[in-house]
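With mmCIF, C-alpha atoms inside, this is my_file14.cif:
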data_protein
#
loop_
_atom_site.group_PDB
_atom_site.id
_atom_site.type_symbol
_atom_site.label_atom_id
_atom_site.label_comp_id
_atom_site.auth_asym_id
_atom_site.auth_seq_id
_atom_site.Cartn_x
_atom_site.Cartn_y
_atom_site.Cartn_z
ATOM 1 C CA MET A 1 105.744 -96.369 126.034
ATOM 2 C CA THR A 2 108.693 -97.395 123.818
ATOM 3 C CA ASN A 3 111.180 -94.853 122.464
ATOM 4 C CA LEU A 4 109.810 -95.421 118.970
ATOM 5 C CA GLU A 5 106.294 -94.638 120.170
ATOM 6 C CA LYS A 6 107.541 -91.511 121.945
ATOM 7 C CA TYR A 7 109.385 -90.453 118.805
ATOM 8 C CA LYS A 8 106.355 -90.995 116.585
ATOM 9 C CA ASN A 9 104.045 -89.236 119.038
ATOM 10 C CA SER A 10 106.246 -86.147 118.986
ATOM 11 C CA PHE A 11 105.905 -85.914 115.202
ATOM 12 C CA CYS A 12 102.170 -86.616 115.213
ATOM 13 C CA GLU A 13 101.465 -84.125 117.982
ATOM 14 C CA VAL A 14 103.615 -81.297 116.607
ATOM 15 C CA PHE A 15 102.620 -81.653 112.961
ATOM 16 C CA GLN A 16 99.055 -82.806 113.576
ATOM 17 C CA ILE A 17 99.389 -85.801 111.274
ATOM 18 C CA GLU A 18 98.602 -89.473 111.498
ATOM 19 C CA ASP A 19 101.101 -92.172 112.298
ATOM 20 C CA SER A 20 100.684 -93.675 108.813
ATOM 21 C CA LYS A 21 102.145 -90.546 107.156
ATOM 22 C CA LEU A 22 105.450 -90.609 109.038
ATOM 23 C CA ILE A 23 107.556 -92.965 106.904
ATOM 24 C CA GLY A 24 109.475 -90.917 104.353
ATOM 25 C CA LEU A 25 108.245 -87.619 105.809
ATOM 26 C CA SER A 26 110.778 -84.850 105.221
ATOM 27 C CA TYR A 27 111.303 -81.218 106.187
ATOM 28 C CA GLN A 28 108.929 -78.825 104.395
ATOM 29 C CA ALA A 29 107.029 -81.700 102.773
ATOM 30 C CA ILE A 30 103.924 -80.672 104.710
ATOM 31 C CA PRO A 31 102.830 -77.130 105.635
ATOM 32 C CA THR A 32 103.205 -77.703 109.382
ATOM 33 C CA TRP A 33 106.847 -78.819 109.071
ATOM 34 C CA ASP A 34 108.166 -75.361 108.219
ATOM 35 C CA SER A 35 111.112 -73.691 109.951
ATOM 36 C CA VAL A 36 109.050 -72.720 112.976
ATOM 37 C CA GLY A 37 107.375 -76.150 113.121
ATOM 38 C CA HIS A 38 110.872 -77.602 113.005
ATOM 39 C CA MET A 39 111.745 -75.834 116.259
ATOM 40 C CA SER A 40 108.533 -77.121 117.846
ATOM 41 C CA LEU A 41 109.565 -80.635 116.846
ATOM 42 C CA VAL A 42 113.031 -80.180 118.332
ATOM 43 C CA ALA A 43 111.550 -78.825 121.563
ATOM 44 C CA ALA A 44 109.166 -81.790 121.718
ATOM 45 C CA LEU A 45 111.962 -84.323 121.157
ATOM 46 C CA GLU A 46 114.170 -82.613 123.732
ATOM 47 C CA GLN A 47 111.407 -82.729 126.273
ATOM 48 C CA GLU A 48 110.395 -86.303 125.461
ATOM 49 C CA PHE A 49 113.923 -87.731 125.631
ATOM 50 C CA ASP A 50 115.382 -85.289 128.167
ATOM 51 C CA ILE A 51 118.173 -84.145 125.841
ATOM 52 C CA MET A 52 119.498 -80.861 124.444
ATOM 53 C CA MET A 53 120.185 -81.108 120.753
ATOM 54 C CA GLU A 54 123.257 -79.492 119.200
ATOM 55 C CA THR A 55 122.639 -76.888 116.498
ATOM 56 C CA ASP A 56 124.294 -79.095 113.855
ATOM 57 C CA ASP A 57 121.878 -81.903 114.702
ATOM 58 C CA ILE A 58 118.911 -79.543 114.562
ATOM 59 C CA ILE A 59 119.987 -78.523 111.064
ATOM 60 C CA ASP A 60 120.597 -82.139 109.997
ATOM 61 C CA LEU A 61 117.194 -83.328 111.182
ATOM 62 C CA SER A 62 115.764 -83.366 107.680
ATOM 63 C CA SER A 63 113.414 -86.329 107.785
ATOM 64 C CA PHE A 64 111.607 -88.746 110.065
ATOM 65 C CA GLU A 65 114.286 -91.393 109.444
ATOM 66 C CA LYS A 66 117.223 -88.978 109.772
ATOM 67 C CA GLY A 67 115.915 -87.885 113.158
ATOM 68 C CA MET A 68 115.991 -91.451 114.432
ATOM 69 C CA GLU A 69 119.532 -91.827 113.168
ATOM 70 C CA ILE A 70 120.633 -88.621 114.931
ATOM 71 C CA LEU A 71 118.982 -89.560 118.202
ATOM 72 C CA SER A 72 120.486 -93.040 118.256
ATOM 73 C CA ASN A 73 123.974 -92.039 117.090
ATOM 74 C CA ASN A 74 124.429 -88.831 119.063
ATOM 75 C CA TYR A 75 122.130 -89.120 122.097
ATOM 76 C CA GLU A 76 122.186 -92.841 122.867
ATOM 77 C CA ILE A 77 118.455 -93.268 122.288
ATOM 78 C CA VAL A 78 117.735 -96.903 121.485
ATOM 79 C CA PHE A 79 114.868 -97.603 119.110
ATOM 80 C CA MET B 1 100.583 -57.378 140.173
ATOM 81 C CA ILE B 2 101.595 -57.126 136.548
ATOM 82 C CA LEU B 3 103.483 -60.428 136.274
ATOM 83 C CA ASN B 4 101.444 -62.518 138.663
ATOM 84 C CA SER B 5 102.439 -66.214 138.342
ATOM 85 C CA LYS B 6 104.573 -65.638 135.256
ATOM 86 C CA ASN B 7 107.918 -67.418 135.072
ATOM 87 C CA ALA B 8 110.901 -65.389 133.883
ATOM 88 C CA ILE B 9 114.567 -65.920 133.128
ATOM 89 C CA ILE B 10 116.739 -62.875 133.782
ATOM 90 C CA THR B 11 120.480 -62.802 133.099
ATOM 91 C CA GLY B 12 122.995 -60.526 134.792
ATOM 92 C CA CYS B 13 121.061 -60.349 138.051
ATOM 93 C CA VAL B 14 123.821 -59.542 140.529
ATOM 94 C CA GLN B 15 124.057 -55.805 139.958
ATOM 95 C CA GLY B 16 122.863 -52.749 138.065
ATOM 96 C CA ILE B 17 119.949 -53.028 135.658
ATOM 97 C CA GLY B 18 119.769 -56.806 136.158
ATOM 98 C CA LYS B 19 119.371 -56.552 139.911
ATOM 99 C CA ALA B 20 116.801 -53.768 139.586
ATOM 100 C CA THR B 21 114.861 -55.885 137.080
ATOM 101 C CA LEU B 22 115.003 -58.905 139.360
ATOM 102 C CA GLU B 23 113.512 -56.770 142.121
ATOM 103 C CA GLU B 24 110.883 -55.171 139.887
ATOM 104 C CA PHE B 25 109.762 -58.562 138.558
ATOM 105 C CA ALA B 26 109.675 -60.083 142.044
ATOM 106 C CA ASN B 27 107.624 -57.160 143.359
ATOM 107 C CA ASN B 28 105.206 -57.763 140.502
ATOM 108 C CA GLY B 29 104.627 -61.422 141.265
ATOM 109 C CA ALA B 30 106.932 -63.210 138.815
ATOM 110 C CA ASN B 31 108.803 -66.408 139.626
ATOM 111 C CA ILE B 32 112.381 -66.030 138.467
ATOM 112 C CA TRP B 33 115.374 -68.039 137.354
ATOM 113 C CA ALA B 34 117.990 -65.464 138.325
ATOM 114 C CA CYS B 35 121.116 -66.032 136.250
ATOM 115 C CA ALA B 36 124.552 -64.865 137.289
ATOM 116 C CA LEU B 37 128.187 -65.575 136.520
ATOM 117 C CA GLU B 38 129.176 -67.567 139.598
ATOM 118 C CA TYR B 39 127.982 -68.722 142.996
ATOM 119 C CA ASN B 40 127.621 -65.808 145.374
ATOM 120 C CA ALA B 41 126.419 -66.397 148.946
ATOM 121 C CA GLU B 42 125.265 -62.812 149.356
ATOM 122 C CA PHE B 43 123.237 -63.057 146.159
ATOM 123 C CA GLU B 44 121.691 -66.341 147.304
ATOM 124 C CA THR B 45 120.553 -64.725 150.563
ATOM 125 C CA TYR B 46 119.258 -61.697 148.715
ATOM 126 C CA CYS B 47 117.198 -63.887 146.354
ATOM 127 C CA LYS B 48 115.816 -65.938 149.224
ATOM 128 C CA LYS B 49 114.651 -62.844 151.132
ATOM 129 C CA LEU B 50 113.190 -61.233 148.018
ATOM 130 C CA ALA B 51 111.272 -64.422 147.215
ATOM 131 C CA GLU B 52 109.903 -64.773 150.733
ATOM 132 C CA LYS B 53 108.842 -61.143 150.826
ATOM 133 C CA ASN B 54 106.856 -61.513 147.610
ATOM 134 C CA ASN B 55 105.623 -65.074 148.068
ATOM 135 C CA ILE B 56 107.274 -66.268 144.859
ATOM 136 C CA TRP B 57 110.265 -68.466 144.032
ATOM 137 C CA ILE B 58 113.645 -67.264 142.789
ATOM 138 C CA LYS B 59 116.208 -69.844 141.699
ATOM 139 C CA PRO B 60 119.769 -68.634 141.218
ATOM 140 C CA ILE B 61 121.367 -70.246 138.144
ATOM 141 C CA TYR B 62 125.085 -69.834 137.518
ATOM 142 C CA PHE B 63 126.952 -69.940 134.234
ATOM 143 C CA ASN B 64 129.726 -68.128 132.419
ATOM 144 C CA LEU B 65 128.519 -66.624 129.154
ATOM 145 C CA LEU B 66 131.922 -67.361 127.624
ATOM 146 C CA ASN B 67 131.417 -71.076 128.102
ATOM 147 C CA GLN B 68 128.749 -72.777 126.007
ATOM 148 C CA ASP B 69 128.858 -75.948 128.087
ATOM 149 C CA GLU B 70 128.129 -73.945 131.223
ATOM 150 C CA ILE B 71 125.288 -72.116 129.500
ATOM 151 C CA LYS B 72 123.890 -75.451 128.386
ATOM 152 C CA ALA B 73 124.110 -76.876 131.909
ATOM 153 C CA GLY B 74 122.311 -73.803 133.262
ATOM 154 C CA LEU B 75 119.591 -74.108 130.655
ATOM 155 C CA LYS B 76 119.249 -77.800 131.455
ATOM 156 C CA GLN B 77 118.624 -76.890 135.099
ATOM 157 C CA ILE B 78 115.863 -74.558 133.958
ATOM 158 C CA SER B 79 114.279 -77.014 131.530
ATOM 159 C CA ASN B 80 114.390 -79.765 134.168
ATOM 160 C CA ASP B 81 111.881 -77.742 136.152
ATOM 161 C CA LYS B 82 109.421 -78.478 133.324
ATOM 162 C CA LEU B 83 107.614 -75.186 133.824
ATOM 163 C CA PRO B 84 106.435 -72.770 131.181
ATOM 164 C CA ILE B 85 108.871 -69.936 130.481
ATOM 165 C CA ASP B 86 106.858 -66.779 129.896
ATOM 166 C CA ILE B 87 109.681 -64.263 129.743
ATOM 167 C CA LEU B 88 113.362 -64.081 128.857
ATOM 168 C CA VAL B 89 115.279 -60.911 129.706
ATOM 169 C CA ASN B 90 118.843 -60.756 128.400
ATOM 170 C CA ILE B 91 120.691 -58.194 130.470
ATOM 171 C CA ALA B 92 124.177 -59.554 131.176
ATOM 172 C CA GLY B 93 126.775 -57.639 129.236
ATOM 173 C CA ILE B 94 130.133 -55.928 129.427
ATOM 174 C CA THR B 95 131.990 -53.022 127.930
ATOM 175 C CA LYS B 96 135.694 -52.424 127.322
ATOM 176 C CA ASP B 97 136.193 -48.991 125.861
ATOM 177 C CA ALA B 98 139.010 -48.078 123.509
ATOM 178 C CA ILE B 99 139.261 -45.990 120.362
ATOM 179 C CA THR B 100 138.982 -47.885 117.107
ATOM 180 C CA HIS B 101 142.658 -48.397 116.306
ATOM 181 C CA MET B 102 143.419 -49.566 119.825
ATOM 182 C CA VAL B 103 140.875 -52.398 119.732
ATOM 183 C CA THR B 104 142.327 -55.831 119.052
ATOM 184 C CA MET B 105 140.289 -58.446 117.235
ATOM 185 C CA ASP B 106 140.493 -60.647 120.314
ATOM 186 C CA GLN B 107 138.883 -57.869 122.378
ATOM 187 C CA MET B 108 136.172 -57.448 119.752
ATOM 188 C CA LYS B 109 135.464 -61.184 119.776
ATOM 189 C CA PHE B 110 135.408 -61.268 123.559
ATOM 190 C CA ILE B 111 132.824 -58.476 123.745
ATOM 191 C CA PHE B 112 130.737 -60.023 120.974
ATOM 192 C CA GLU B 113 130.865 -63.420 122.665
ATOM 193 C CA ILE B 114 129.279 -62.032 125.816
ATOM 194 C CA ASN B 115 127.076 -59.245 124.454
ATOM 195 C CA PHE B 116 125.817 -61.033 121.374
ATOM 196 C CA PHE B 117 126.614 -64.704 120.672
ATOM 197 C CA SER B 118 125.816 -66.017 124.134
ATOM 198 C CA GLN B 119 122.543 -64.058 124.168
ATOM 199 C CA ILE B 120 121.573 -65.589 120.843
ATOM 200 C CA TYR B 121 122.441 -69.053 122.124
ATOM 201 C CA LEU B 122 120.211 -68.523 125.153
ATOM 202 C CA THR B 123 117.461 -67.055 123.040
ATOM 203 C CA GLN B 124 117.550 -69.960 120.577
ATOM 204 C CA PHE B 125 117.062 -72.401 123.400
ATOM 205 C CA VAL B 126 114.360 -70.504 125.267
ATOM 206 C CA THR B 127 112.327 -69.501 122.228
ATOM 207 C CA LYS B 128 112.308 -73.140 121.137
ATOM 208 C CA LEU B 129 110.356 -73.871 124.304
ATOM 209 C CA MET B 130 108.227 -70.760 123.854
ATOM 210 C CA ILE B 131 107.291 -71.858 120.338
ATOM 211 C CA ARG B 132 106.015 -75.098 121.799
ATOM 212 C CA GLN B 133 103.982 -73.204 124.396
ATOM 213 C CA GLY B 134 102.684 -70.775 121.800
ATOM 214 C CA TYR B 135 103.549 -67.646 123.757
ATOM 215 C CA GLY B 136 106.387 -65.701 125.319
ATOM 216 C CA SER B 137 108.119 -62.366 125.547
ATOM 217 C CA VAL B 138 111.818 -61.674 125.054
ATOM 218 C CA VAL B 139 113.481 -58.420 126.047
ATOM 219 C CA ASN B 140 117.047 -57.727 124.967
ATOM 220 C CA THR B 141 119.296 -55.029 126.357
ATOM 221 C CA SER B 142 120.868 -52.922 123.656
ATOM 222 C CA SER B 143 122.136 -49.366 124.108
ATOM 223 C CA ILE B 144 121.734 -45.914 122.593
ATOM 224 C CA SER B 145 125.390 -46.242 121.552
ATOM 225 C CA ALA B 146 124.229 -48.995 119.173
ATOM 226 C CA ILE B 147 121.913 -46.496 117.490
ATOM 227 C CA ASP B 148 123.902 -43.265 117.733
ATOM 228 C CA GLY B 149 127.470 -44.595 117.978
ATOM 229 C CA ASN B 150 129.737 -43.460 120.793
ATOM 230 C CA TYR B 151 133.339 -42.340 120.995
ATOM 231 C CA GLY B 152 135.603 -45.163 122.187
ATOM 232 C CA GLN B 153 132.920 -47.830 122.036
ATOM 233 C CA LEU B 154 133.555 -49.639 118.764
ATOM 234 C CA SER B 155 133.171 -53.132 120.184
ATOM 235 C CA TYR B 156 130.396 -52.346 122.657
ATOM 236 C CA SER B 157 128.236 -50.328 120.265
ATOM 237 C CA SER B 158 128.737 -52.848 117.444
ATOM 238 C CA SER B 159 127.790 -55.807 119.617
ATOM 239 C CA LYS B 160 124.707 -53.975 120.892
ATOM 240 C CA ALA B 161 123.795 -52.999 117.325
ATOM 241 C CA ALA B 162 123.963 -56.663 116.348
ATOM 242 C CA LEU B 163 121.439 -57.301 119.089
ATOM 243 C CA ILE B 164 119.081 -54.774 117.519
ATOM 244 C CA GLY B 165 119.245 -56.644 114.197
ATOM 245 C CA ALA B 166 118.611 -59.906 115.993
ATOM 246 C CA THR B 167 115.681 -58.417 117.913
ATOM 247 C CA LYS B 168 113.976 -57.205 114.751
ATOM 248 C CA THR B 169 114.602 -60.461 112.886
ATOM 249 C CA LEU B 170 113.418 -62.635 115.753
ATOM 250 C CA SER B 171 110.296 -60.523 116.139
ATOM 251 C CA LYS B 172 109.410 -61.235 112.508
ATOM 252 C CA GLU B 173 110.162 -64.953 112.722
ATOM 253 C CA LEU B 174 108.381 -65.561 116.003
ATOM 254 C CA ALA B 175 105.329 -63.294 115.947
ATOM 255 C CA SER B 176 103.175 -65.975 114.339
ATOM 256 C CA LYS B 177 103.971 -68.267 117.272
ATOM 257 C CA GLY B 178 102.791 -65.752 119.844
ATOM 258 C CA ILE B 179 106.255 -64.617 120.843
ATOM 259 C CA ARG B 180 107.145 -60.943 121.083
ATOM 260 C CA VAL B 181 110.747 -59.747 120.937
ATOM 261 C CA ASN B 182 111.760 -56.217 121.889
ATOM 262 C CA ALA B 183 114.839 -54.428 123.116
ATOM 263 C CA ILE B 184 115.620 -51.525 125.347
ATOM 264 C CA ALA B 185 118.331 -49.013 124.561
ATOM 265 C CA PRO B 186 119.408 -47.345 127.797
ATOM 266 C CA GLY B 187 121.344 -44.097 127.688
ATOM 267 C CA VAL B 188 123.606 -42.973 130.512
ATOM 268 C CA ILE B 189 122.341 -44.843 133.535
ATOM 269 C CA SER B 190 123.751 -44.726 137.022
ATOM 270 C CA THR B 191 125.229 -48.255 137.162
ATOM 271 C CA GLU B 192 128.408 -49.986 138.309
ATOM 272 C CA MET B 193 129.446 -50.141 134.647
ATOM 273 C CA ASN B 194 129.303 -46.359 134.385
ATOM 274 C CA ARG B 195 131.179 -45.659 137.640
ATOM 275 C CA ILE B 196 134.448 -45.861 135.697
ATOM 276 C CA VAL B 197 133.362 -43.101 133.307
ATOM 277 C CA PRO B 198 135.079 -39.780 134.220
ATOM 278 C CA ASP B 199 132.773 -37.196 135.768
ATOM 279 C CA SER B 200 133.586 -34.650 133.051
ATOM 280 C CA ILE B 201 132.145 -37.004 130.405
ATOM 281 C CA ILE B 202 129.060 -37.708 132.524
ATOM 282 C CA GLN B 203 128.455 -33.953 132.927
ATOM 283 C CA GLU B 204 128.915 -33.433 129.202
ATOM 284 C CA ASN B 205 126.286 -36.108 128.553
ATOM 285 C CA ILE B 206 123.863 -34.605 131.045
ATOM 286 C CA LYS B 207 124.074 -31.291 129.176
ATOM 287 C CA LYS B 208 122.799 -33.083 126.049
ATOM 288 C CA MET B 209 119.745 -34.513 127.843
ATOM 289 C CA LYS B 210 116.296 -32.960 128.015
ATOM 290 C CA ILE B 211 115.901 -34.477 131.471
ATOM 291 C CA LYS B 212 119.045 -33.164 133.120
ATOM 292 C CA ARG B 213 120.215 -36.150 135.152
ATOM 293 C CA LEU B 214 121.440 -39.724 134.813
ATOM 294 C CA GLY B 215 118.863 -42.436 134.428
ATOM 295 C CA LYS B 216 118.157 -44.732 137.352
ATOM 296 C CA VAL B 217 118.288 -48.499 137.134
ATOM 297 C CA ASP B 218 114.723 -48.856 138.382
ATOM 298 C CA GLU B 219 113.533 -46.601 135.545
ATOM 299 C CA VAL B 220 115.118 -49.019 133.089
ATOM 300 C CA ALA B 221 113.690 -51.998 134.978
ATOM 301 C CA LYS B 222 110.171 -50.546 134.761
ATOM 302 C CA THR B 223 110.457 -50.293 130.971
ATOM 303 C CA ILE B 224 111.623 -53.915 130.835
ATOM 304 C CA LEU B 225 108.663 -54.845 133.028
ATOM 305 C CA PHE B 226 106.306 -53.139 130.591
ATOM 306 C CA LEU B 227 107.818 -54.864 127.537
ATOM 307 C CA ALA B 228 107.885 -58.261 129.217
ATOM 308 C CA SER B 229 104.303 -58.049 130.440
ATOM 309 C CA ASP B 230 100.912 -58.331 128.765
ATOM 310 C CA LEU B 231 100.637 -54.537 128.976
ATOM 311 C CA SER B 232 102.648 -54.436 125.741
ATOM 312 C CA ASN B 233 100.850 -57.280 123.934
ATOM 313 C CA TYR B 234 100.715 -55.382 120.632
ATOM 314 C CA ILE B 235 104.358 -54.285 120.651
ATOM 315 C CA THR B 236 107.093 -56.315 118.983
ATOM 316 C CA GLY B 237 110.341 -55.649 117.124
ATOM 317 C CA GLN B 238 110.779 -52.306 118.873
ATOM 318 C CA ILE B 239 113.855 -50.699 120.355
ATOM 319 C CA ILE B 240 112.822 -48.430 123.214
ATOM 320 C CA ARG B 241 115.220 -45.659 124.162
ATOM 321 C CA ILE B 242 115.481 -44.849 127.861
ATOM 322 C CA ASP B 243 117.805 -41.895 127.678
ATOM 323 C CA GLY B 244 116.277 -38.738 129.165
ATOM 324 C CA GLY B 245 115.904 -37.341 125.654
ATOM 325 C CA ILE B 246 119.611 -37.195 124.853
ATOM 326 C CA LYS B 247 120.521 -35.464 121.578
#
Output the file's structure as C-alpha cells, nothing else.
Amino acid sequence: MTNLEKYKNSFCEVFQIEDSKLIGLSYQAIPTWDSVGHMSLVAALEQEFDIMMETDDIIDLSSFEKGMEILSNNYEIVF
Amino acid sequence: MILNSKNAIITGCVQGIGKATLEEFANNGANIWACALEYNAEFETYCKKLAEKNNIWIKPIYFNLLNQDEIKAGLKQISNDKLPIDILVNIAGITKDAITHMVTMDQMKFIFEINFFSQIYLTQFVTKLMIRQGYGSVVNTSSISAIDGNYGQLSYSSSKAALIGATKTLSKELASKGIRVNAIAPGVISTEMNRIVPDSIIQENIKKMKIKRLGKVDEVAKTILFLASDLSNYITGQIIRIDGGIK
C-alpha cells in the first residue's frame, strides 16, 4: 500500500466517509471531524506511519491537504 | 480477578502508592507497563518475580518526567507494543514543602512540571489511543491538600488542585468516547514521602481523623483498582478521598 493510500484510508476509516469526499475536506466540515474525531485521526496517522506528532502539528492539521504537508515536511513521509 | 487480561500503564512504580498499585494490579491479572524514573536492577527483578507469580507480563519503562523527549521515548516503547491500553494510572509525583513566601517561582514550576504538566502530556498521548479503541480508564493521583489546602504546601496543593480541574474536564470531553477519568485524593498515608514529616504533625493529623491511624498504601491501591476497573463503569469525573475521615 502506498503512503497516499495509507493516508486516505486513515481519514476514510476514522470519519466513515468515502475516498471521493477527501479533497478539500477540513476540520469540523463534517460531524465526525470534531475535536474528539480529530484525536482519533491523529492516533490513526501515528499508528499508520509509526510517528508521534507534536502538539503544534496536531493543532495545525486543519485539512486533508494540510495533513499531507505536515507529514511530508515534519515527519519525512513521502507521498 | 478484577483486571484479568487488561493492560495498564502505571507511573511512579518504584515505591509507595505506585508500588502498592503495581502489586494490586498484578495480583488482579493486569499486564503492566511499569514506569519509573531510571533503570533500577532491584526493581527489574521485583517486576520479573511479580509477573511470574501472577502469570502476566510487566515491562519496566524508564523516563524522567522533567524531560519531554524521555517521556516521548517511553511512550513510543509502549505504543510499539501495539496493544490496547485499558488503563492509565498517574501516580508519580513529588512534594517540596515551604510556606508561601519562601517558595520561589522556579520551585513552583518544578513541582508543576512533575505533578501536573508531565501527567497531562502522558494523558494526552494515552487518551488519544484510548479514543481510537473506544474505551479506557484514567486514574489521577491528587491529594486532600488540593481540596482543603495545607500549611506549607502551596506548590504541592496547587499542582494537585490543577489535576482535579484536569480530571473533571477530561471526564467531560472523553465520556462520549467510552473513557472514564477519575482521581483519588489520599490523606495522610504511610509512604516514603511522608517519612520526612515530623511525628508531632502526624499525631496532630491523626487526632483529626475519624479512623485514628495513618492510611496504608494498599488501601489507596485498592481504591485505584476499583476506579480503574469495570466495577466503577458508571463513575467518572469524581475525586475520591481516602483520608480516614479527616476534618
*asked:* Need to verify the contact set: Leu22 (chain A), 10 Å, only C-alpha atoms, exclusion of same-chain residues closer than 3 positions in sequence. Can you return it as a ChimeraX atom specification?
replied: /A:8,11-12,17-19,25-26,63-65
*asked:* From the options B:Ile9, B:Arg132, B:Lys177, B:Leu88, which residue's atoms come nearest to Glu13 (chain A), counting only C-alpha atoms?
replied: B:Arg132
*Mind listing as a PyMOL selection string which residues of chain A are within 9 Å of chain B, counting all atoms listed in the file?*
chain A and resi 14+36-37+39-44+47+50-52
*Any chance you could resolve the PyMOL selection byres ((chain B and resi 208-220) around 6) against this file and give the residues as an MDAnalysis selection string?*
chainID B and resid 17 20 188:190 205:207 221:223 244:247
*What is the distance between CA of His38 (chain A) and CA of Leu170 (chain B), in Å to one decimal?*
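The value is 15.4 Å.
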*At what distance in Å, to one decimal, does CA of Phe15 (chain A) lie from CA of Trp33 (chain A)?*
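CA of Phe15 (chain A) lies 6.4 Å from CA of Trp33 (chain A).
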_Spatial neighbours of Phe116 (chain B), 8 Å, all atoms listed in the file, chain gap at least 2 places, as a ChimeraX atom specification_ = /B:111-114,118-120,159-160,162-163
What are the centre and the three edge lengths of an axis-aligned box that wraps all atoms of region 170-173 of chain B in the file, given that 4 Å is added to every side, written as AutoDock Vina command-line options and rounded to one decimal in Å?
--center_x 111.4 --center_y -62.7 --center_z 114.3 --size_x 12.0 --size_y 12.4 --size_z 11.6
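Pairwise distance (CA of Ser145 (chain B), CA of Ser157 (chain B)) equals 5.1 Å.
When all atoms listed in the file are used to compute distances to Gly67 (chain A), the closest of the residues A:Asp34, A:Gln16, A:Leu45, A:Glu54 turns out to be A:Leu45.
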*Check the smallest atom-to-atom distance from each of B:Phe117, B:Val138, B:Phe43, B:Met108 to Asn67 (chain B) using all atoms listed in the file, then report the winner.*
B:Phe117
*Check which residues satisfy the PyMOL selection byres ((chain A and resi 71) around 10) in the file shown, then give them as a PyMOL selection string.*
chain A and resi 7+45+49+51+53+57+61+66-70+72-79
Residues just named, written with C-alpha atoms as an mmCIF file, in the frame of the given file:
data_model
loop_
_atom_site.group_PDB
_atom_site.id
_atom_site.type_symbol
_atom_site.label_atom_id
_atom_site.label_comp_id
_atom_site.auth_asym_id
_atom_site.auth_seq_id
_atom_site.Cartn_x
_atom_site.Cartn_y
_atom_site.Cartn_z
ATOM 1 C CA TYR A 7 109.385 -90.453 118.805
ATOM 2 C CA LEU A 45 111.962 -84.323 121.157
ATOM 3 C CA PHE A 49 113.923 -87.731 125.631
ATOM 4 C CA ILE A 51 118.173 -84.145 125.841
ATOM 5 C CA MET A 53 120.185 -81.108 120.753
ATOM 6 C CA ASP A 57 121.878 -81.903 114.702
ATOM 7 C CA LEU A 61 117.194 -83.328 111.182
ATOM 8 C CA LYS A 66 117.223 -88.978 109.772
ATOM 9 C CA GLY A 67 115.915 -87.885 113.158
ATOM 10 C CA MET A 68 115.991 -91.451 114.432
ATOM 11 C CA GLU A 69 119.532 -91.827 113.168
ATOM 12 C CA ILE A 70 120.633 -88.621 114.931
ATOM 13 C CA SER A 72 120.486 -93.040 118.256
ATOM 14 C CA ASN A 73 123.974 -92.039 117.090
ATOM 15 C CA ASN A 74 124.429 -88.831 119.063
ATOM 16 C CA TYR A 75 122.130 -89.120 122.097
ATOM 17 C CA GLU A 76 122.186 -92.841 122.867
ATOM 18 C CA ILE A 77 118.455 -93.268 122.288
ATOM 19 C CA VAL A 78 117.735 -96.903 121.485
ATOM 20 C CA PHE A 79 114.868 -97.603 119.110
#
Residues near region 99-103 of chain B, anyone? I mean within 10 Å using all atoms listed in the file, not counting same-chain ones fewer than 4 positions away, as a compact mmCIF listing (two decimals) with C-alpha atoms, in the coordinates of the input.
# COMPACT_ATOMS: atom_id res chain seq x y z
CA GLN B 107 138.88 -57.87 122.38
CA MET B 108 136.17 -57.45 119.75
CA ASN B 150 129.74 -43.46 120.79
CA TYR B 151 133.34 -42.34 121.00
CA GLY B 152 135.60 -45.16 122.19
CA GLN B 153 132.92 -47.83 122.04
CA LEU B 154 133.56 -49.64 118.76
CA SER B 155 133.17 -53.13 120.18
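Residues matched by the PyMOL selection byres ((chain B and resi 49-55) around 8) in this file are Glu23, Ala26, Asn27, Gly29, Thr45, Tyr46, Cys47, Lys48, Ile56, Trp57 and Ile58 of chain B.
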_When you look at Gly74 (chain B) with a cut-off of 7 Å (counting only C-alpha atoms), what residues show up, excluding the ones that are within fewer than 4 positions of it in the same chain? I need them as a count of residues only._
5
Quick one: region 11-20 of chain A from the block, N, CA and C atoms, as a tab-separated table (two decimals), in the first residue's frame.
chain	number	residue	atom	x	y	z
A	11	PHE	N	-8.21	8.57	7.02
A	11	PHE	CA	-9.33	9.52	7.01
A	11	PHE	C	-10.66	8.79	6.82
A	12	CYS	N	-10.69	7.90	5.81
A	12	CYS	CA	-11.95	7.22	5.49
A	12	CYS	C	-12.42	6.37	6.67
A	13	GLU	N	-11.47	5.67	7.30
A	13	GLU	CA	-11.83	4.77	8.39
A	13	GLU	C	-12.29	5.56	9.62
A	14	VAL	N	-11.54	6.61	9.97
A	14	VAL	CA	-11.89	7.37	11.18
A	14	VAL	C	-13.19	8.15	11.00
A	15	PHE	N	-13.34	8.79	9.85
A	15	PHE	CA	-14.52	9.65	9.66
A	15	PHE	C	-15.68	8.97	8.95
A	16	GLN	N	-15.45	7.70	8.59
A	16	GLN	CA	-16.52	6.94	7.92
A	16	GLN	C	-17.04	7.67	6.68
A	17	ILE	N	-16.10	8.09	5.84
A	17	ILE	CA	-16.50	8.75	4.59
A	17	ILE	C	-15.81	8.08	3.41
A	18	GLU	N	-16.32	8.42	2.23
A	18	GLU	CA	-15.74	7.82	1.02
A	18	GLU	C	-14.54	8.63	0.55
A	19	ASP	N	-13.69	7.93	-0.12
A	19	ASP	CA	-12.47	8.48	-0.72
A	19	ASP	C	-12.75	9.77	-1.53
A	20	SER	N	-13.85	9.77	-2.23
A	20	SER	CA	-14.17	10.89	-3.14
A	20	SER	C	-14.44	12.20	-2.39
